[in-house]
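Structure record follows, encoded as structure tokens.
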Amino acid sequence: MKKKKVVFYEGTFIDFKGLEREYTMAAISCPIFENEEAADDEVKQLRLGIGVRHEGDEYMRGIGMVEAEKKAMEAPFAIIRVTQPGIINEESVNAILKQEAEFFEVNPGKYLKGYNKDWEDYKENLRMKEVYDSLPKEAKEVHEYLLTADEDIVDDLLDCIEYTAGQLNKNVI
């Protein structure tokens with residue numbers, strides 16, 4: 001590969017659990033690869049990638065940099081191409097990284113695959129915990145029993161509940 005220059009931007013964001021997590025963005029300025037489709041007049045590209053510390057992992061600067069650079073090369077979240085040399089320079093790269101970092105910090109789901117689904121799952125878990133916590137003691141005992149009961153017993157109870165509910169709807173009971 002011809003001349004390639006990598007610039008990194010490091011920061012932190014607050015995830016949906018309220019935890020502070022580190023991230024590293026990489027911007028790679030490089031020629032357009034021969035195997036890539038590009039307009040005839042495009043001469044250079046800027047590839048952007050991001051590496052984020054996973055919850056529970058220890059932050060290691062070098063790992064973040066390697067991950068961000070790898071993502072920029074293999075699975076960039078953005079590719080900017082230019083037709084004139086000199087447009088992709090230190091000042092423009094730093095401005096783009098700053099802009100993307102600011103947006104990422106408030107919209108990580110736009111950059112991280114699975115983040116929004118994990119957030120929805122987390123909110124549902126919190127909601128279900130609140131529901132469970134609000135149940136009377138007897139309902140919690142039934143819940144705990146059903147979690148440990150044999151499948152056949154649970155199926156029989158479900159049949160009974162469905163039957164009884166049907167009878168109530170018919171005003172038989």
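Chain labels follow the order of the structure tokens: the first chain is A, the next B, and so on; residue numbering restarts at 1 in every chain, and ligands are counted from 1 in their shown order.
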
Sorted per-residue table, segment 52-141 of chain A near segment 24-45 of chain A, closest atoms and distance, 10 Å, only C-alpha atoms, as a tab-separated table:
residue	atom	partner	partner_atom	distance
A:Val52	CA	A:Thr24	CA	6.5
A:Arg53	CA	A:Thr24	CA	8.7
A:Arg61	CA	A:Thr24	CA	8.2
A:Gly62	CA	A:Thr24	CA	9.6
A:Ile63	CA	A:Thr24	CA	9.3
A:Gly64	CA	A:Thr24	CA	5.5
A:Met65	CA	A:Thr24	CA	6.1
A:Val66	CA	A:Ala26	CA	9.0
A:Glu67	CA	A:Thr24	CA	8.2
A:Ala68	CA	A:Ala26	CA	5.2
A:Glu69	CA	A:Ala26	CA	5.4
A:Lys70	CA	A:Ala26	CA	8.8
A:Lys71	CA	A:Ala26	CA	8.3
A:Ala72	CA	A:Ala26	CA	6.4
A:Met73	CA	A:Ile28	CA	7.8
A:Pro76	CA	A:Ala27	CA	9.4
A:Ala78	CA	A:Ala27	CA	9.6
A:Ile79	CA	A:Gln45	CA	6.6
A:Ile80	CA	A:Gln45	CA	5.5
A:Arg81	CA	A:Gln45	CA	4.3
A:Val82	CA	A:Glu42	CA	5.4
A:Thr83	CA	A:Glu42	CA	4.2
A:Gln84	CA	A:Val43	CA	6.7
A:Pro85	CA	A:Val43	CA	7.0
A:Gly86	CA	A:Lys44	CA	9.4
A:Ile87	CA	A:Lys44	CA	9.1
A:Ile88	CA	A:Ser29	CA	7.2
A:Asn89	CA	A:Ser29	CA	8.5
A:Glu90	CA	A:Ser29	CA	9.7
A:Val93	CA	A:Ala27	CA	7.1
A:Asn94	CA	A:Ala27	CA	8.7
A:Ile96	CA	A:Ala27	CA	8.8
A:Leu97	CA	A:Ala27	CA	7.2
A:Lys98	CA	A:Met25	CA	9.5
A:Glu100	CA	A:Met25	CA	8.7
A:Ala101	CA	A:Met25	CA	7.5
A:Phe104	CA	A:Met25	CA	9.9

Inset, instruction - Would you list, as number ranges by chain, the residues of chain A that end up in strand (DSSP E) under DSSP run on this structure's backbone? - result: A: 5-14, 20-30, 44-52, 78-82

Inset, instruction - Just the residues within 12 Å of Glu120 of chain A, please, counting only C-alpha atoms, with nothing from its chain fewer than 6 positions along; format it as a list in words. - result: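 Here the qualifying residues turn out to be Phe16, Lys17, Gly109, Gly114, Leu126 and Arg127 of chain A.
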
Inset, instruction - If you run DSSP over the backbone, which residues in segment 40-162 of chain A end up alpha helix (DSSP H)? Put them as a PyMOL selection string. - result: chain A and resi 61-74+90-106+115-134+137-148+151-162

Legend entry - Neighbour list for Lys113 of chain A as a PyMOL selection string, cut-off 12 Å, only C-alpha atoms, skip fewer than 4 positions in-chain: chain A and resi 50-52+75+77+108-109+117-119

Inset, instruction - Return the single residue from A:Lys4, A:Leu146, A:Gly49, A:Ala95 that is closest to Leu158 of chain A, with distances computed using only C-alpha atoms. - result: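 Answer, going by the shortest atom-to-atom distance: A:Leu146.
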